[in-house]
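Scroll down for the structure; my scribbles are underneath it.
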Amino acid sequence: MEELCSFTFEELADWLERMGEKRFRAAQIFDWVYRKGAGSFEEMANLGKELRGRLAANLGFPLLKLVSTQDSKETTKFLWELRDGQRVESVLIRSFDRRTVCLSSQVGCPARCAFCASGKEGLVRSLSAAEIVEQALLIDRMLKEKGERVCHLVYMGMGEPLENYDAVLKSIRILNDEKTLHISQRRMTVSTVGIVEGIRRLAGEDLSVNLVLSLHAPNQHLRKKIIPFARKYPLEEILAAMDFYGEETGRDITYEYTLLSKINDGEEHALELAALLKGKQCTVNLIPYNPVEGLRLERPEKERVVAFREILESKGIRATWRYTKGDDIAAACGQLALKKSSELTNFGVPG
Ligand code: SF4
């Protein structure tokens with residue numbers, strides 16, 4: 001079955017035409033979905049009963065069912081169930097008047113980062129474009145009730161976005177469309193562990209989305225330990241691809257560096273990182289590790305984070321220190337879904 005939210009406006013009009021319907025119906029359907037908050041085809045009152053029945057029989061919508069939410073002061077975490085029973089999550093981050101949604105692009109993740117709950121179980125499957133679009137759409141509907149809107153998107157939830165390239169790209173184009181949520185591409189950020197061919201391909205898409213590399217180590221040897229998936233791509237090739245992306249799109253490049261106590265947070269690591277990034281137009285975003293239950297990794301002391309940042313800045317590298325919003329609700333990516341799935345597994349074990 002095809003999925004309604006995987007269609008661009010033109011694609012839906014083409015699809016309707018192939019079904020023997022008028023193209024203008026696409027505008028009515030988009031209006032119901034993206035403006036009026038319809039939860040089913042049945043609610044689309046200006047479509048005939050027969051058409052509503054044909055749409056329901058041929059197009060999947062909605063695909064996501066909300067299982068639970070978890071609130072903290074500045075974040076809300078949403079756990080969704082998909083039609084095949086798999087679960088993914090999204091996080092709404094509130095910062096002043098900015099409403100950012102962190103989207104998942106896959107169920108599980110192939111990157112298997114040492115510090116991440118999502119990576120623990122590996123990749124289960126990629127999400128469709130509609131499953132990504134609906135995360136933003138359904139959260140935007142909830143915000144609208146309070147007079148708020150989603151204005152920023154980050155592809156930093158479960159999954160490696162560039163390993164689900166086509167669906168992620170499609171979701172960017174759909175969510176950017178003025179007939180949908182109309183979120184500026186400049187307010188969208190894709191985060192990758194460094195899929196070289198994906199970065200270079202994205203640079204040629206005529207987009208202006210921001211790109212973030214999850215770097216986490218100043219050399220290939222240590223990086224392979226922290227991100228097992230990274231052994232496929234030499235660090236120099238990844239950095240060259242990131243430079244290429246910056247040159248082609250004019251967007252700033254950001255490197256994320258999760259600080260893990262006694263693993264990558266030493267003075268020697270900061271010096272090596274500064275040497276690696278010397279002369280690059282970039283920002284390093286330092287993220288003190290957010291502890292995950294069941295993983296034997298620790299968050300560095302505040303003094304070590306401050307010292308690390310000072311070393312980078314003394315070498316001319318712009319560095320920010322990102323406070324991880326939502327620590328209190330376990331907002332490390334994948335953590336909520338992992339928790340729920342292990343609860344379900346334990347429930348099924350006899351005795
Ligand atoms: S940190 Fe991101 S890339 Fe790494 S395993 Fe988790 S979801 Fe995947």
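Residues in the structure tokens are numbered from 1 in each chain, the chains being A, B, ... in the order shown, and ligands are numbered from 1 in the order shown.
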
Mind running chain A against ligand 1 at 6 Å and telling me each contacting residue's nearest atom pair with the distance in Å (one decimal), counting only C-alpha atoms and all ligand atoms, chain and number ascending, as a tab-separated table?
residue	atom	partner	partner_atom_place_in_ligand_line	distance
A:Cys109	CA	ligand 1	8 (Fe)	4.6
A:Ala111	CA	ligand 1	5 (S)	4.6
A:Arg112	CA	ligand 1	5 (S)	4.2
A:Cys113	CA	ligand 1	5 (S)	4.2
A:Cys116	CA	ligand 1	6 (Fe)	4.5
A:Ser118	CA	ligand 1	6 (Fe)	4.9
A:Gly119	CA	ligand 1	5 (S)	3.6
A:Gly157	CA	ligand 1	7 (S)	5.9
A:Met158	CA	ligand 1	7 (S)	4.2
A:Gly159	CA	ligand 1	7 (S)	4.5
A:Glu160	CA	ligand 1	3 (S)	5.2
A:Val193	CA	ligand 1	3 (S)	5.7
A:Cys333	CA	ligand 1	7 (S)	5.9

Keeping only N, CA and C atoms, write the selected residues to a file as a short mmCIF file (atom, residue, chain, number, x, y, z; two decimals), in the first residue's frame.
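Output below, filename again-v5.cif:
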data_model
loop_
_atom_site.label_atom_id
_atom_site.label_comp_id
_atom_site.auth_asym_id
_atom_site.auth_seq_id
_atom_site.Cartn_x
_atom_site.Cartn_y
_atom_site.Cartn_z
N CYS A 109 19.75 1.35 14.66
CA CYS A 109 20.76 2.11 13.92
C CYS A 109 21.95 1.22 13.60
N ALA A 111 24.98 2.19 13.06
CA ALA A 111 26.28 2.76 13.45
C ALA A 111 26.83 2.17 14.75
N ARG A 112 25.95 1.70 15.62
CA ARG A 112 26.33 1.04 16.87
C ARG A 112 27.33 1.85 17.72
N CYS A 113 27.09 3.15 17.85
CA CYS A 113 27.99 3.98 18.67
C CYS A 113 28.02 3.42 20.10
N CYS A 116 25.47 4.81 22.73
CA CYS A 116 24.09 5.08 22.33
C CYS A 116 23.18 3.86 22.51
N SER A 118 20.29 3.41 20.97
CA SER A 118 19.72 2.99 19.68
C SER A 118 20.64 2.00 18.96
N GLY A 119 21.94 2.27 19.10
CA GLY A 119 22.90 1.44 18.37
C GLY A 119 23.07 0.05 18.95
N GLY A 157 17.61 11.67 15.60
CA GLY A 157 17.01 10.65 16.46
C GLY A 157 17.59 9.28 16.15
N MET A 158 16.77 8.25 16.26
CA MET A 158 17.28 6.90 15.97
C MET A 158 17.66 6.81 14.50
N GLY A 159 18.80 6.19 14.23
CA GLY A 159 19.16 5.90 12.85
C GLY A 159 20.23 6.81 12.28
N GLU A 160 20.81 6.34 11.17
CA GLU A 160 21.80 7.12 10.42
C GLU A 160 21.08 7.64 9.17
N VAL A 193 27.21 10.00 10.85
CA VAL A 193 28.49 9.53 11.40
C VAL A 193 29.57 9.60 10.32
N CYS A 333 19.56 9.54 22.43
CA CYS A 333 18.73 9.01 21.35
C CYS A 333 18.54 7.51 21.50
#

- Message: Please extract the residues of range 188-337 of chain A with a backbone DSSP assignment of strand (DSSP E) and present them as number ranges by chain.
- Response: A: 188-192, 210-214, 253-259, 282-288, 318-321

Would you save the residues of that selection, restricted to N, CA and C atoms, as a PDB file, in the first residue's frame?
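Ended up saving to out15.pdb:
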ATOM      1  N   MET A 188      16.791  23.148   8.990  1.00  0.00           N
ATOM      2  CA  MET A 188      16.851  21.683   9.072  1.00  0.00           C
ATOM      3  C   MET A 188      18.318  21.271   9.169  1.00  0.00           C
ATOM      4  N   THR A 189      18.575  20.270   9.998  1.00  0.00           N
ATOM      5  CA  THR A 189      19.939  19.796  10.185  1.00  0.00           C
ATOM      6  C   THR A 189      19.981  18.275  10.075  1.00  0.00           C
ATOM      7  N   VAL A 190      20.876  17.805   9.231  1.00  0.00           N
ATOM      8  CA  VAL A 190      21.068  16.359   9.092  1.00  0.00           C
ATOM      9  C   VAL A 190      22.369  16.007   9.805  1.00  0.00           C
ATOM     10  N   SER A 191      22.298  14.978  10.628  1.00  0.00           N
ATOM     11  CA  SER A 191      23.479  14.558  11.380  1.00  0.00           C
ATOM     12  C   SER A 191      23.912  13.176  10.899  1.00  0.00           C
ATOM     13  N   THR A 192      25.209  13.034  10.622  1.00  0.00           N
ATOM     14  CA  THR A 192      25.700  11.751  10.100  1.00  0.00           C
ATOM     15  C   THR A 192      26.966  11.321  10.831  1.00  0.00           C
ATOM     16  N   ASN A 210      21.601  22.165   6.933  1.00  0.00           N
ATOM     17  CA  ASN A 210      22.867  22.118   7.668  1.00  0.00           C
ATOM     18  C   ASN A 210      23.312  20.664   7.826  1.00  0.00           C
ATOM     19  N   LEU A 211      24.605  20.487   7.845  1.00  0.00           N
ATOM     20  CA  LEU A 211      25.126  19.132   7.994  1.00  0.00           C
ATOM     21  C   LEU A 211      26.041  19.073   9.215  1.00  0.00           C
ATOM     22  N   VAL A 212      25.828  18.049  10.017  1.00  0.00           N
ATOM     23  CA  VAL A 212      26.625  17.870  11.233  1.00  0.00           C
ATOM     24  C   VAL A 212      27.311  16.512  11.157  1.00  0.00           C
ATOM     25  N   LEU A 213      28.596  16.491  11.462  1.00  0.00           N
ATOM     26  CA  LEU A 213      29.292  15.201  11.533  1.00  0.00           C
ATOM     27  C   LEU A 213      29.473  14.810  12.997  1.00  0.00           C
ATOM     28  N   SER A 214      29.033  13.613  13.334  1.00  0.00           N
ATOM     29  CA  SER A 214      29.301  13.080  14.670  1.00  0.00           C
ATOM     30  C   SER A 214      30.736  12.570  14.651  1.00  0.00           C
ATOM     31  N   ILE A 253      29.823  24.143   8.712  1.00  0.00           N
ATOM     32  CA  ILE A 253      29.947  22.737   9.093  1.00  0.00           C
ATOM     33  C   ILE A 253      30.092  22.650  10.611  1.00  0.00           C
ATOM     34  N   THR A 254      29.392  21.695  11.183  1.00  0.00           N
ATOM     35  CA  THR A 254      29.510  21.488  12.634  1.00  0.00           C
ATOM     36  C   THR A 254      30.008  20.072  12.898  1.00  0.00           C
ATOM     37  N   TYR A 255      30.929  19.973  13.848  1.00  0.00           N
ATOM     38  CA  TYR A 255      31.404  18.668  14.290  1.00  0.00           C
ATOM     39  C   TYR A 255      30.915  18.448  15.712  1.00  0.00           C
ATOM     40  N   GLU A 256      30.213  17.360  15.920  1.00  0.00           N
ATOM     41  CA  GLU A 256      29.760  17.046  17.273  1.00  0.00           C
ATOM     42  C   GLU A 256      30.765  16.105  17.926  1.00  0.00           C
ATOM     43  N   TYR A 257      31.037  16.394  19.177  1.00  0.00           N
ATOM     44  CA  TYR A 257      32.044  15.607  19.889  1.00  0.00           C
ATOM     45  C   TYR A 257      31.475  15.274  21.272  1.00  0.00           C
ATOM     46  N   THR A 258      31.051  14.031  21.431  1.00  0.00           N
ATOM     47  CA  THR A 258      30.525  13.600  22.717  1.00  0.00           C
ATOM     48  C   THR A 258      31.704  13.269  23.627  1.00  0.00           C
ATOM     49  N   LEU A 259      31.757  13.949  24.742  1.00  0.00           N
ATOM     50  CA  LEU A 259      32.888  13.755  25.664  1.00  0.00           C
ATOM     51  C   LEU A 259      32.596  12.596  26.608  1.00  0.00           C
ATOM     52  N   CYS A 282      34.563  25.903  10.759  1.00  0.00           N
ATOM     53  CA  CYS A 282      33.656  24.958  11.410  1.00  0.00           C
ATOM     54  C   CYS A 282      33.446  25.326  12.872  1.00  0.00           C
ATOM     55  N   THR A 283      32.476  24.658  13.461  1.00  0.00           N
ATOM     56  CA  THR A 283      32.243  24.789  14.897  1.00  0.00           C
ATOM     57  C   THR A 283      32.288  23.387  15.492  1.00  0.00           C
ATOM     58  N   VAL A 284      32.896  23.263  16.654  1.00  0.00           N
ATOM     59  CA  VAL A 284      32.859  21.984  17.370  1.00  0.00           C
ATOM     60  C   VAL A 284      31.848  22.121  18.500  1.00  0.00           C
ATOM     61  N   ASN A 285      30.899  21.214  18.481  1.00  0.00           N
ATOM     62  CA  ASN A 285      29.866  21.214  19.503  1.00  0.00           C
ATOM     63  C   ASN A 285      30.208  20.127  20.523  1.00  0.00           C
ATOM     64  N   LEU A 286      30.586  20.546  21.718  1.00  0.00           N
ATOM     65  CA  LEU A 286      30.965  19.567  22.748  1.00  0.00           C
ATOM     66  C   LEU A 286      29.727  19.132  23.518  1.00  0.00           C
ATOM     67  N   ILE A 287      29.557  17.829  23.654  1.00  0.00           N
ATOM     68  CA  ILE A 287      28.378  17.303  24.352  1.00  0.00           C
ATOM     69  C   ILE A 287      28.846  16.356  25.455  1.00  0.00           C
ATOM     70  N   PRO A 288      28.816  16.812  26.711  1.00  0.00           N
ATOM     71  CA  PRO A 288      29.157  15.877  27.784  1.00  0.00           C
ATOM     72  C   PRO A 288      28.195  14.690  27.739  1.00  0.00           C
ATOM     73  N   ARG A 318      36.515  27.299  16.934  1.00  0.00           N
ATOM     74  CA  ARG A 318      35.300  27.727  17.626  1.00  0.00           C
ATOM     75  C   ARG A 318      34.629  26.513  18.269  1.00  0.00           C
ATOM     76  N   ALA A 319      34.350  26.633  19.568  1.00  0.00           N
ATOM     77  CA  ALA A 319      33.758  25.482  20.260  1.00  0.00           C
ATOM     78  C   ALA A 319      32.596  25.927  21.119  1.00  0.00           C
ATOM     79  N   THR A 320      31.503  25.176  21.057  1.00  0.00           N
ATOM     80  CA  THR A 320      30.365  25.450  21.921  1.00  0.00           C
ATOM     81  C   THR A 320      30.184  24.235  22.822  1.00  0.00           C
ATOM     82  N   TRP A 321      29.532  24.474  23.884  1.00  0.00           N
ATOM     83  CA  TRP A 321      29.297  23.394  24.833  1.00  0.00           C
ATOM     84  C   TRP A 321      27.799  23.234  24.925  1.00  0.00           C
TER      85      TRP A 321
END

Which residues of range 36-148 of chain A come within 12 Å of range 14-17 of chain A, and for each one, what is the closest pair of atoms and their distance in Å to one decimal, counting only C-alpha atoms, sorted by chain and residue number, as a Markdown table?
| residue | atom | partner | partner_atom | distance |
| --- | --- | --- | --- | --- |
| A:Leu51 | CA | A:Leu16 | CA | 10.0 |
| A:Arg54 | CA | A:Leu16 | CA | 10.4 |
| A:Leu55 | CA | A:Leu16 | CA | 9.3 |
| A:Asn58 | CA | A:Trp15 | CA | 10.7 |
| A:Leu59 | CA | A:Trp15 | CA | 10.5 |

Export, as a compact mmCIF listing (two decimals), in the first residue's frame, the selected residues with C-alpha atoms.
# COMPACT_ATOMS: atom_id res chain seq x y z
CA LEU A 51 -13.48 8.73 -3.12
CA ARG A 54 -10.94 4.47 -2.39
CA LEU A 55 -8.35 6.62 -0.63
CA ASN A 58 -5.24 2.47 -1.25
CA LEU A 59 -3.28 4.95 0.86

Per residue of range 77-137 of chain A within 12 Å of range 29-37 of chain A, note the shortest atom pair and the distance in Å to one decimal, counting only C-alpha atoms, and order the rows by chain and increasing residue number, as CSV.
residue,atom,partner,partner_atom,distance
A:Val133,CA,A:Tyr34,CA,10.7
A:Glu134,CA,A:Val33,CA,10.1
A:Ala136,CA,A:Tyr34,CA,10.6
A:Leu137,CA,A:Tyr34,CA,7.3

With C-alpha atoms retained, could you export that selection as a tab-separated table (two decimals), in the first residue's frame?
chain	number	residue	atom	x	y	z
A	133	VAL	CA	7.07	13.23	7.80
A	134	GLU	CA	4.33	12.08	10.17
A	136	ALA	CA	6.89	16.23	12.47
A	137	LEU	CA	3.28	16.54	11.34

- Got a sec: who's within 12 Å of Leu12 in chain A, counting only C-alpha atoms, leaving out chain neighbours fewer than 3 positions off, as a list in words?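 Here the qualifying residues turn out to be Glu2, Glu3, Leu4, Cys5, Ser6, Phe7, Thr8, Phe9, Trp15, Leu16, Glu17, Arg18, Met19, Glu21, Lys22, Arg23, Phe24, Arg25, Ala26, Ala27, Gln28, Ile29, Phe30, Leu55, Leu59 and Ile174 of chain A.
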
Considering only C-alpha atoms, return as a CSV table (one decimal) with C-alpha atoms, in the first residue's frame whatever protein or nucleic-acid residues lie within 12 Å of Asp206 in chain A, sequence-local ones (same chain, fewer than 4 positions apart) excluded.
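Done, and the output landed in out-v2.csv:
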chain,number,residue,atom,x,y,z
A,169,LEU,CA,15.7,13.5,1.2
A,172,ILE,CA,13.1,17.2,3.6
A,173,ARG,CA,11.5,18.2,0.4
A,185,GLN,CA,15.7,24.2,4.8
A,200,ARG,CA,28.9,14.1,-1.5
A,201,ARG,CA,25.5,13.2,-3.0
A,202,LEU,CA,23.7,15.5,-0.6
A,245,TYR,CA,29.6,20.0,1.4
A,248,GLU,CA,29.0,23.5,-2.5
A,249,THR,CA,26.2,24.7,-0.2
A,250,GLY,CA,27.8,27.7,1.6
A,251,ARG,CA,26.5,26.2,4.9

- Taking into account only C-alpha atoms, which residue in the set A:Arg149, A:Ile311, A:Glu267, A:Ala241 is nearest to Ala203 in chain A?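 Result for the nearest residue to Ala203 in chain A: A:Ala241.
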
- Item | Test item, alpha helix (DSSP H) assignment across range 113-270 of chain A, answer as a count of residues only | 62

- Task: List the neighbours of range 261-266 of chain A out to 6 Å using only C-alpha atoms; skip same-chain residues closer than 5 positions along the sequence, and give me the result as JSON, numbers by chain.
- Result: {"A": [298, 299, 300]}

- Could you tell me which of A:Ile183, A:Ile132, A:Leu103, A:Leu260 comes closest to Lys302 in chain A if we count only C-alpha atoms?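 Under the stated criterion, the closest residue is A:Leu260.
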
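In this structure, CA of Gly246 in chain A sits 20.9 Å away from CA of Asp166 in chain A.
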